[in-house]
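Worksheet: the structure to be examined is printed underneath.
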Amino acid sequence: RRDSERRPVDLRAILASVHDLVRPSLADQLHRIELDLPPAPLTALVDDTEVMQVILNLVLNARDALPTGREARIGIALLNAEGHTPIGKVLVGDIPRGPAALIRVHDTGSGIAEADVARVFEPFYTRKGAG
């Protein structure tokens, strides 16, 4: 991407938009999506469309993997990365020195099988529809 497409953006707005887009698509009333945002703006120099696409893909994948017939939750959180350590099976990127943001998408689904973790970033790889 060209640097000209990057601009200072309050990441809270992007995550709030993803939350608002996905919430109506949770068909099962037992499923919910939660948003945890800091009270103050957390601004980053980003292409807001790219960031939104990545977070939306993660959240939609989490939604599609939620179990039917029982309570389940998707969480989206935004944190100042200072003092936080990323957790989970799939981590994208490293926390740089200096100011940084940490975006966390998590759910209460069954998780990703160990055999599939190494393949999650392969283009066109999917487990959807696989028994």
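Labeling convention for the structure tokens: chains A, B, ... as they appear, residues from 1 per chain, ligands from 1 in order of appearance.
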For region 38-94 of chain A versus region 124-128 of chain A, which residues have an atom no more than 12 Å away, and what is each residue's nearest atom pair and distance in Å rounded to one decimal, using only C-alpha atoms, chain-then-number order, as JSON lines?
```
{"residue": "A:Leu60", "atom": "CA", "partner": "A:Lys128", "partner_atom": "CA", "distance": 12.0}
{"residue": "A:Asn61", "atom": "CA", "partner": "A:Lys128", "partner_atom": "CA", "distance": 9.2}
{"residue": "A:Ala62", "atom": "CA", "partner": "A:Lys128", "partner_atom": "CA", "distance": 11.5}
{"residue": "A:Arg63", "atom": "CA", "partner": "A:Lys128", "partner_atom": "CA", "distance": 11.9}
{"residue": "A:Asp64", "atom": "CA", "partner": "A:Lys128", "partner_atom": "CA", "distance": 8.4}
{"residue": "A:Ala65", "atom": "CA", "partner": "A:Lys128", "partner_atom": "CA", "distance": 8.5}
```
Next item on the list: Name all residues at most 9 Å from Glu34 (chain A) (count only C-alpha atoms; drop same-chain ones fewer than 3 positions away) and give them as a PyMOL selection string.
Entry: chain A and resi 19+73-77
Keeping only all heavy atoms, write the selected residues to a file as an mmCIF file, in the first residue's frame.
```cif
data_model
loop_
_atom_site.group_PDB
_atom_site.id
_atom_site.type_symbol
_atom_site.label_atom_id
_atom_site.label_comp_id
_atom_site.auth_asym_id
_atom_site.auth_seq_id
_atom_site.Cartn_x
_atom_site.Cartn_y
_atom_site.Cartn_z
ATOM 1 N N HIS A 19 -18.005 -4.092 15.372
ATOM 2 C CA HIS A 19 -18.989 -4.563 16.358
ATOM 3 C C HIS A 19 -20.411 -4.317 15.855
ATOM 4 O O HIS A 19 -21.256 -5.214 15.875
ATOM 5 C CB HIS A 19 -18.748 -3.845 17.688
ATOM 6 C CG HIS A 19 -19.769 -4.116 18.728
ATOM 7 N ND1 HIS A 19 -20.888 -3.333 18.892
ATOM 8 C CD2 HIS A 19 -19.855 -5.097 19.650
ATOM 9 C CE1 HIS A 19 -21.609 -3.805 19.871
ATOM 10 N NE2 HIS A 19 -21.006 -4.886 20.362
ATOM 11 N N ARG A 73 -19.539 -16.344 23.108
ATOM 12 C CA ARG A 73 -19.212 -14.923 23.110
ATOM 13 C C ARG A 73 -18.006 -14.659 22.216
ATOM 14 O O ARG A 73 -17.070 -15.442 22.165
ATOM 15 C CB ARG A 73 -18.898 -14.510 24.544
ATOM 16 C CG ARG A 73 -18.447 -13.113 24.745
ATOM 17 C CD ARG A 73 -18.195 -12.834 26.220
ATOM 18 N NE ARG A 73 -17.199 -13.713 26.820
ATOM 19 C CZ ARG A 73 -15.881 -13.518 26.746
ATOM 20 N NH1 ARG A 73 -15.391 -12.480 26.094
ATOM 21 N NH2 ARG A 73 -15.031 -14.345 27.322
ATOM 22 N N ILE A 74 -18.056 -13.524 21.530
ATOM 23 C CA ILE A 74 -16.918 -12.995 20.778
ATOM 24 C C ILE A 74 -16.528 -11.696 21.468
ATOM 25 O O ILE A 74 -17.393 -10.876 21.795
ATOM 26 C CB ILE A 74 -17.277 -12.693 19.314
ATOM 27 C CG1 ILE A 74 -17.745 -13.943 18.591
ATOM 28 C CG2 ILE A 74 -16.089 -12.062 18.581
ATOM 29 C CD1 ILE A 74 -18.368 -13.658 17.235
ATOM 30 N N GLY A 75 -15.244 -11.511 21.672
ATOM 31 C CA GLY A 75 -14.779 -10.275 22.285
ATOM 32 C C GLY A 75 -13.814 -9.561 21.363
ATOM 33 O O GLY A 75 -12.995 -10.188 20.689
ATOM 34 N N ILE A 76 -13.948 -8.249 21.329
ATOM 35 C CA ILE A 76 -13.010 -7.394 20.599
ATOM 36 C C ILE A 76 -12.486 -6.390 21.620
ATOM 37 O O ILE A 76 -13.281 -5.720 22.278
ATOM 38 C CB ILE A 76 -13.692 -6.621 19.452
ATOM 39 C CG1 ILE A 76 -14.476 -7.540 18.526
ATOM 40 C CG2 ILE A 76 -12.666 -5.809 18.669
ATOM 41 C CD1 ILE A 76 -15.345 -6.775 17.528
ATOM 42 N N ALA A 77 -11.179 -6.323 21.757
ATOM 43 C CA ALA A 77 -10.600 -5.403 22.739
ATOM 44 C C ALA A 77 -9.483 -4.587 22.097
ATOM 45 O O ALA A 77 -8.779 -5.066 21.213
ATOM 46 C CB ALA A 77 -10.051 -6.185 23.930
#
```
Counting only C-alpha atoms, which residues of region 87-120 of chain A fall within 12 Å of region 44-54 of chain A, and what is the closest atom pair for each with its distance in Å at one decimal, ordered by chain and rising number, as a Markdown table?
```
| residue | atom | partner | partner_atom | distance |
| --- | --- | --- | --- | --- |
| A:Val92 | CA | A:Val54 | CA | 10.9 |
| A:Pro99 | CA | A:Ala44 | CA | 9.1 |
| A:Ala100 | CA | A:Ala44 | CA | 7.8 |
| A:Ala101 | CA | A:Ala44 | CA | 7.6 |
| A:Leu102 | CA | A:Ala44 | CA | 10.8 |
| A:Ile103 | CA | A:Val51 | CA | 10.1 |
| A:Arg104 | CA | A:Val54 | CA | 11.8 |
| A:Val105 | CA | A:Val54 | CA | 10.6 |
```
Item checked: Proximity to Ala27 (chain A) - best of A:Thr108, A:Ala72, A:Val120, A:Val9, only C-alpha atoms -> A:Ala72
Could you list, as an mmCIF file with all heavy atoms, in the first residue's frame, every residue within 9 Å of Leu42 (chain A), counting only C-alpha atoms and ignoring same-chain residues fewer than 3 positions away?
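Written output follows (result.cif):
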```
data_model
loop_
_atom_site.group_PDB
_atom_site.id
_atom_site.type_symbol
_atom_site.label_atom_id
_atom_site.label_comp_id
_atom_site.auth_asym_id
_atom_site.auth_seq_id
_atom_site.Cartn_x
_atom_site.Cartn_y
_atom_site.Cartn_z
ATOM 1 N N VAL A 9 -5.731 7.516 12.615
ATOM 2 C CA VAL A 9 -7.103 7.050 12.811
ATOM 3 C C VAL A 9 -7.266 6.611 14.263
ATOM 4 O O VAL A 9 -6.389 5.935 14.814
ATOM 5 C CB VAL A 9 -7.403 5.840 11.885
ATOM 6 C CG1 VAL A 9 -8.775 5.265 12.142
ATOM 7 C CG2 VAL A 9 -7.263 6.242 10.422
ATOM 8 N N ASP A 10 -8.383 6.979 14.878
ATOM 9 C CA ASP A 10 -8.722 6.481 16.208
ATOM 10 C C ASP A 10 -9.210 5.043 16.036
ATOM 11 O O ASP A 10 -10.269 4.802 15.458
ATOM 12 C CB ASP A 10 -9.788 7.350 16.860
ATOM 13 C CG ASP A 10 -10.157 6.900 18.267
ATOM 14 O OD1 ASP A 10 -9.591 5.900 18.766
ATOM 15 O OD2 ASP A 10 -11.040 7.551 18.860
ATOM 16 N N LEU A 11 -8.431 4.087 16.502
ATOM 17 C CA LEU A 11 -8.765 2.675 16.316
ATOM 18 C C LEU A 11 -10.085 2.289 16.979
ATOM 19 O O LEU A 11 -10.727 1.327 16.570
ATOM 20 C CB LEU A 11 -7.625 1.800 16.835
ATOM 21 C CG LEU A 11 -6.305 1.928 16.077
ATOM 22 C CD1 LEU A 11 -5.202 1.160 16.790
ATOM 23 C CD2 LEU A 11 -6.449 1.456 14.639
ATOM 24 N N ARG A 12 -10.509 3.059 17.971
ATOM 25 C CA ARG A 12 -11.794 2.763 18.620
ATOM 26 C C ARG A 12 -12.936 2.813 17.611
ATOM 27 O O ARG A 12 -13.855 1.996 17.670
ATOM 28 C CB ARG A 12 -12.077 3.748 19.758
ATOM 29 C CG ARG A 12 -11.086 3.689 20.890
ATOM 30 C CD ARG A 12 -11.349 4.743 21.941
ATOM 31 N NE ARG A 12 -11.525 6.049 21.320
ATOM 32 C CZ ARG A 12 -12.037 7.105 21.930
ATOM 33 N NH1 ARG A 12 -12.408 7.033 23.194
ATOM 34 N NH2 ARG A 12 -12.156 8.247 21.310
ATOM 35 N N PRO A 38 -10.752 1.536 25.242
ATOM 36 C CA PRO A 38 -10.273 2.493 26.238
ATOM 37 C C PRO A 38 -11.093 3.781 26.155
ATOM 38 O O PRO A 38 -11.653 4.100 25.099
ATOM 39 C CB PRO A 38 -8.820 2.730 25.830
ATOM 40 C CG PRO A 38 -8.782 2.445 24.374
ATOM 41 C CD PRO A 38 -9.815 1.374 24.136
ATOM 42 N N PRO A 39 -11.172 4.526 27.250
ATOM 43 C CA PRO A 39 -11.958 5.771 27.224
ATOM 44 C C PRO A 39 -11.329 6.866 26.353
ATOM 45 O O PRO A 39 -12.043 7.668 25.770
ATOM 46 C CB PRO A 39 -12.005 6.198 28.692
ATOM 47 C CG PRO A 39 -10.882 5.486 29.350
ATOM 48 C CD PRO A 39 -10.624 4.236 28.560
ATOM 49 N N LEU A 78 -9.356 -3.372 22.558
ATOM 50 C CA LEU A 78 -8.294 -2.475 22.114
ATOM 51 C C LEU A 78 -7.552 -2.005 23.352
ATOM 52 O O LEU A 78 -8.168 -1.517 24.304
ATOM 53 C CB LEU A 78 -8.880 -1.283 21.356
ATOM 54 C CG LEU A 78 -7.903 -0.201 20.922
ATOM 55 C CD1 LEU A 78 -6.882 -0.761 19.924
ATOM 56 C CD2 LEU A 78 -8.663 0.972 20.308
ATOM 57 N N LEU A 79 -6.241 -2.185 23.340
ATOM 58 C CA LEU A 79 -5.418 -1.803 24.487
ATOM 59 C C LEU A 79 -4.198 -1.034 24.027
ATOM 60 O O LEU A 79 -3.714 -1.246 22.923
ATOM 61 C CB LEU A 79 -4.914 -3.064 25.212
ATOM 62 C CG LEU A 79 -5.943 -4.080 25.627
ATOM 63 C CD1 LEU A 79 -5.469 -5.458 25.273
ATOM 64 C CD2 LEU A 79 -6.179 -3.974 27.099
ATOM 65 N N ASN A 80 -3.718 -0.191 24.911
ATOM 66 C CA ASN A 80 -2.394 0.371 24.714
ATOM 67 C C ASN A 80 -1.446 -0.792 24.942
ATOM 68 O O ASN A 80 -1.515 -1.459 25.966
ATOM 69 C CB ASN A 80 -2.157 1.488 25.725
ATOM 70 C CG ASN A 80 -0.801 2.123 25.584
ATOM 71 O OD1 ASN A 80 0.180 1.456 25.267
ATOM 72 N ND2 ASN A 80 -0.742 3.411 25.825
ATOM 73 N N ALA A 100 2.309 1.762 20.804
ATOM 74 C CA ALA A 100 1.696 0.751 19.940
ATOM 75 C C ALA A 100 0.329 0.373 20.507
ATOM 76 O O ALA A 100 0.055 0.563 21.693
ATOM 77 C CB ALA A 100 2.584 -0.484 19.841
ATOM 78 N N ALA A 101 -0.497 -0.173 19.642
ATOM 79 C CA ALA A 101 -1.829 -0.644 20.036
ATOM 80 C C ALA A 101 -1.865 -2.158 19.936
ATOM 81 O O ALA A 101 -1.186 -2.758 19.103
ATOM 82 C CB ALA A 101 -2.888 -0.034 19.126
#
```
Item checked: All strand (DSSP E or B) residues (DSSP, backbone) inside chain A, as a PyMOL selection string -> chain A and resi 7-10+31-36+43-46+72-80+101-107
Convert the current residue selection to file output with N, CA, C and O atoms, as a compact mmCIF listing (two decimals), in the first residue's frame.
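Output below, filename selection-v4.txt:
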```
# COMPACT_ATOMS: atom_id res chain seq x y z
N ARG A 7 -3.24 7.13 7.37
CA ARG A 7 -3.52 8.41 8.03
C ARG A 7 -3.79 8.14 9.50
O ARG A 7 -4.09 7.01 9.88
N PRO A 8 -3.69 9.15 10.34
CA PRO A 8 -3.98 8.95 11.77
C PRO A 8 -5.47 8.62 11.95
O PRO A 8 -6.34 9.35 11.47
N VAL A 9 -5.73 7.52 12.61
CA VAL A 9 -7.10 7.05 12.81
C VAL A 9 -7.27 6.61 14.26
O VAL A 9 -6.39 5.94 14.81
N ASP A 10 -8.38 6.98 14.88
CA ASP A 10 -8.72 6.48 16.21
C ASP A 10 -9.21 5.04 16.04
O ASP A 10 -10.27 4.80 15.46
N HIS A 31 -25.78 -16.13 21.49
CA HIS A 31 -24.48 -15.59 21.10
C HIS A 31 -24.47 -14.08 21.30
O HIS A 31 -25.45 -13.40 21.06
N ARG A 32 -23.32 -13.57 21.72
CA ARG A 32 -23.20 -12.12 21.87
C ARG A 32 -21.78 -11.69 21.50
O ARG A 32 -20.86 -12.49 21.50
N ILE A 33 -21.67 -10.41 21.18
CA ILE A 33 -20.36 -9.83 20.84
C ILE A 33 -20.14 -8.67 21.80
O ILE A 33 -21.05 -7.86 22.02
N GLU A 34 -18.96 -8.63 22.39
CA GLU A 34 -18.64 -7.61 23.38
C GLU A 34 -17.48 -6.76 22.87
O GLU A 34 -16.58 -7.27 22.19
N LEU A 35 -17.51 -5.50 23.22
CA LEU A 35 -16.50 -4.55 22.78
C LEU A 35 -15.88 -3.90 24.00
O LEU A 35 -16.60 -3.40 24.87
N ASP A 36 -14.57 -3.93 24.10
CA ASP A 36 -13.85 -3.35 25.22
C ASP A 36 -12.87 -2.31 24.67
O ASP A 36 -11.85 -2.67 24.08
N THR A 43 -4.82 6.40 18.75
CA THR A 43 -4.61 6.75 17.35
C THR A 43 -3.40 6.03 16.78
O THR A 43 -2.38 5.89 17.45
N ALA A 44 -3.55 5.55 15.54
CA ALA A 44 -2.45 4.89 14.84
C ALA A 44 -2.43 5.38 13.40
O ALA A 44 -3.47 5.76 12.85
N LEU A 45 -1.26 5.36 12.81
CA LEU A 45 -1.10 5.71 11.40
C LEU A 45 -1.34 4.45 10.58
O LEU A 45 -0.47 3.58 10.50
N VAL A 46 -2.54 4.31 10.02
CA VAL A 46 -2.95 3.08 9.35
C VAL A 46 -3.79 3.38 8.11
O VAL A 46 -4.28 4.49 7.93
N ALA A 72 -22.36 -18.44 23.82
CA ALA A 72 -21.03 -18.23 23.27
C ALA A 72 -20.80 -16.72 23.14
O ALA A 72 -21.76 -15.95 23.06
N ARG A 73 -19.54 -16.34 23.11
CA ARG A 73 -19.21 -14.92 23.11
C ARG A 73 -18.01 -14.66 22.22
O ARG A 73 -17.07 -15.44 22.16
N ILE A 74 -18.06 -13.52 21.53
CA ILE A 74 -16.92 -12.99 20.78
C ILE A 74 -16.53 -11.70 21.47
O ILE A 74 -17.39 -10.88 21.79
N GLY A 75 -15.24 -11.51 21.67
CA GLY A 75 -14.78 -10.28 22.28
C GLY A 75 -13.81 -9.56 21.36
O GLY A 75 -12.99 -10.19 20.69
N ILE A 76 -13.95 -8.25 21.33
CA ILE A 76 -13.01 -7.39 20.60
C ILE A 76 -12.49 -6.39 21.62
O ILE A 76 -13.28 -5.72 22.28
N ALA A 77 -11.18 -6.32 21.76
CA ALA A 77 -10.60 -5.40 22.74
C ALA A 77 -9.48 -4.59 22.10
O ALA A 77 -8.78 -5.07 21.21
N LEU A 78 -9.36 -3.37 22.56
CA LEU A 78 -8.29 -2.48 22.11
C LEU A 78 -7.55 -2.00 23.35
O LEU A 78 -8.17 -1.52 24.30
N LEU A 79 -6.24 -2.19 23.34
CA LEU A 79 -5.42 -1.80 24.49
C LEU A 79 -4.20 -1.03 24.03
O LEU A 79 -3.71 -1.25 22.92
N ASN A 80 -3.72 -0.19 24.91
CA ASN A 80 -2.39 0.37 24.71
C ASN A 80 -1.45 -0.79 24.94
O ASN A 80 -1.52 -1.46 25.97
N ALA A 101 -0.50 -0.17 19.64
CA ALA A 101 -1.83 -0.64 20.04
C ALA A 101 -1.87 -2.16 19.94
O ALA A 101 -1.19 -2.76 19.10
N LEU A 102 -2.67 -2.77 20.77
CA LEU A 102 -2.90 -4.20 20.74
C LEU A 102 -4.39 -4.41 20.52
O LEU A 102 -5.21 -3.93 21.30
N ILE A 103 -4.73 -5.09 19.42
CA ILE A 103 -6.12 -5.42 19.13
C ILE A 103 -6.27 -6.91 19.38
O ILE A 103 -5.53 -7.72 18.83
N ARG A 104 -7.22 -7.26 20.23
CA ARG A 104 -7.42 -8.66 20.60
C ARG A 104 -8.83 -9.09 20.17
O ARG A 104 -9.81 -8.45 20.52
N VAL A 105 -8.89 -10.18 19.39
CA VAL A 105 -10.17 -10.79 19.02
C VAL A 105 -10.16 -12.19 19.61
O VAL A 105 -9.23 -12.96 19.36
N HIS A 106 -11.15 -12.50 20.44
CA HIS A 106 -11.20 -13.82 21.06
C HIS A 106 -12.65 -14.29 21.12
O HIS A 106 -13.58 -13.50 20.97
N ASP A 107 -12.82 -15.59 21.30
CA ASP A 107 -14.18 -16.13 21.39
C ASP A 107 -14.17 -17.35 22.30
O ASP A 107 -13.12 -17.83 22.70
```
Check: Could you pull out the alpha helix (DSSP H) residues of chain A from DSSP and send them as a PyMOL selection string?
Finding: chain A and resi 11-22+48-65+114-117
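CA of Leu26 (chain A) sits 11.7 Å away from CA of Glu71 (chain A).
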Check: How many Å separate CA of Asp94 (chain A) from CA of Glu82 (chain A)?
Finding: 12.1 Å
